[in-house]
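All remarks here apply to the structure that follows.
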Amino acid sequence: MSSFSTKRFLIPFFIGSLGFLTILLSEFIAFDQGEKIVELTWLASLFVVISTLIVRFYSLDGSRVNQIIKETNPLKSSELRPQRYLNWMVIAMIVGLIATVTIASDFIYGMLAYLVMQLCLIISYSGIISIKPSEFRTVSRLFHKIVFFIVAWVILIPTIYIILIFSGTDSLIVIPYVFTIGTMTCISCLV
């Protein structure tokens with residue numbers, strides 16, 4: 001690997017690592033002082049967005065990504081759109097930054113923004129993973145996996161919600177968010 005291509009990936013890796021370290025610092029301060037500094041959380045999300053933008057528009061060769069995704073698609077009958085993944089991932093990270101800022105002032109709008117982010121992620125992943133269960137019937141090992149994960153998540157998602165999240169009628173607002181995250185996890189486990 002040439003130094004130029006290494007540099008193209010080290011820059012976003014460094015900036016993304018700054019985001020991770022900023023989150024750790026934020027959590028350490030919250031644990032130590034009992035109060036979260038939301039601006040640090042915002043800064044961490046900003047680092048993630050900047051890193052994502054650099055990866056998308058500087059580090060990756062879009063045509064090479066297209067080629068790799070199409071060559072490794074286990075469902076040859078399904079046409080994937082890797083550019084959708086690349087573009088919607090950027091959109092999801094920007095919406096995530098907006099959600100991080102919004103939730104500090106208005107919980108409901110912040111949660112709705114996070115829900116929109118999860119939907120953007122689902123759209124993004126639909127570019128590199130077929131999310132049509134009917135297509136999985138053509139490959140038996142994938143079909144058995146999808147049946148298993150659907151049954152598991154139909155049981156697991158409500159169980160996680162009841163045990164970890166439910167705290168009365170006020171917590172019902174997060175049901176769509178929990179369902180969306182559970183669905184994303186289920187789909188990602190299929191690959």
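Residues in the structure tokens are numbered from 1 in each chain, the chains being A, B, ... in the order shown, and ligands are numbered from 1 in the order shown.
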Residues near Phe57 of chain A, cut-off 10 Å, only C-alpha atoms, skip fewer than 4 positions along chain, as number ranges by chain: A: 52-53, 61-62, 86-87, 90
Shell around Arg64 of chain A at 12 Å using only C-alpha atoms, local window under 5 positions removed, as an NGL selection string: :A and (59 or 69-71 or 82-83)
Write a file of the just-selected residues containing all heavy atoms, as a compact mmCIF listing (two decimals), in the first residue's frame.
```txt
# COMPACT_ATOMS: atom_id res chain seq x y z
N SER A 59 -11.11 9.35 0.78
CA SER A 59 -10.40 8.09 1.01
C SER A 59 -10.84 6.95 0.09
O SER A 59 -10.02 6.13 -0.30
CB SER A 59 -10.57 7.64 2.46
OG SER A 59 -10.06 8.62 3.33
N ILE A 69 -18.48 -4.86 -3.88
CA ILE A 69 -19.82 -5.22 -3.39
C ILE A 69 -20.53 -6.12 -4.39
O ILE A 69 -21.13 -7.13 -4.02
CB ILE A 69 -20.66 -3.95 -3.10
CG1 ILE A 69 -20.05 -3.14 -1.95
CG2 ILE A 69 -22.11 -4.31 -2.81
CD1 ILE A 69 -19.92 -3.87 -0.64
N LYS A 70 -20.46 -5.79 -5.65
CA LYS A 70 -21.15 -6.60 -6.66
C LYS A 70 -20.52 -7.98 -6.81
O LYS A 70 -21.23 -8.97 -7.02
CB LYS A 70 -21.20 -5.85 -7.99
CG LYS A 70 -22.16 -4.67 -7.89
CD LYS A 70 -22.24 -3.88 -9.15
CE LYS A 70 -23.24 -2.74 -8.93
NZ LYS A 70 -23.51 -1.98 -10.10
N GLU A 71 -19.20 -8.08 -6.66
CA GLU A 71 -18.54 -9.38 -6.77
C GLU A 71 -18.83 -10.28 -5.57
O GLU A 71 -18.80 -11.50 -5.69
CB GLU A 71 -17.02 -9.18 -6.89
CG GLU A 71 -16.57 -8.67 -8.23
CD GLU A 71 -15.09 -8.35 -8.28
OE1 GLU A 71 -14.38 -8.52 -7.25
OE2 GLU A 71 -14.62 -7.93 -9.35
N PRO A 82 -24.20 0.10 -4.28
CA PRO A 82 -23.21 0.54 -3.31
C PRO A 82 -23.14 2.07 -3.15
O PRO A 82 -22.82 2.56 -2.06
CB PRO A 82 -21.89 -0.02 -3.85
CG PRO A 82 -22.30 -1.18 -4.69
CD PRO A 82 -23.62 -0.81 -5.28
N GLN A 83 -23.43 2.81 -4.19
CA GLN A 83 -23.42 4.28 -4.06
C GLN A 83 -24.48 4.75 -3.06
O GLN A 83 -24.28 5.74 -2.38
CB GLN A 83 -23.63 4.95 -5.43
CG GLN A 83 -22.46 4.80 -6.37
CD GLN A 83 -21.18 5.40 -5.83
OE1 GLN A 83 -21.17 6.51 -5.32
NE2 GLN A 83 -20.10 4.65 -5.92
```
So, counting only C-alpha atoms, which residue among A:Leu97, A:Val48, A:Ile91, A:Leu80 is closest to Ser126 of chain A? A:Leu80
Calculated over only C-alpha atoms, which of the candidates A:Leu46, A:Asn66, A:Val116, A:Leu121 has the smallest distance to Trp88 of chain A? A:Leu121
Find, counting only C-alpha atoms, the residue in A:Ala113, A:Val55, A:Ile50, A:Ile162 that gets nearest to Arg8 of chain A.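 Answer, going by the shortest atom-to-atom distance: A:Val55.
Candidate residues A:Cys120, A:Ile23, A:Ile173, A:Leu164 were compared for distance to Ile94 of chain A, and the nearest is A:Cys120, using only C-alpha atoms.
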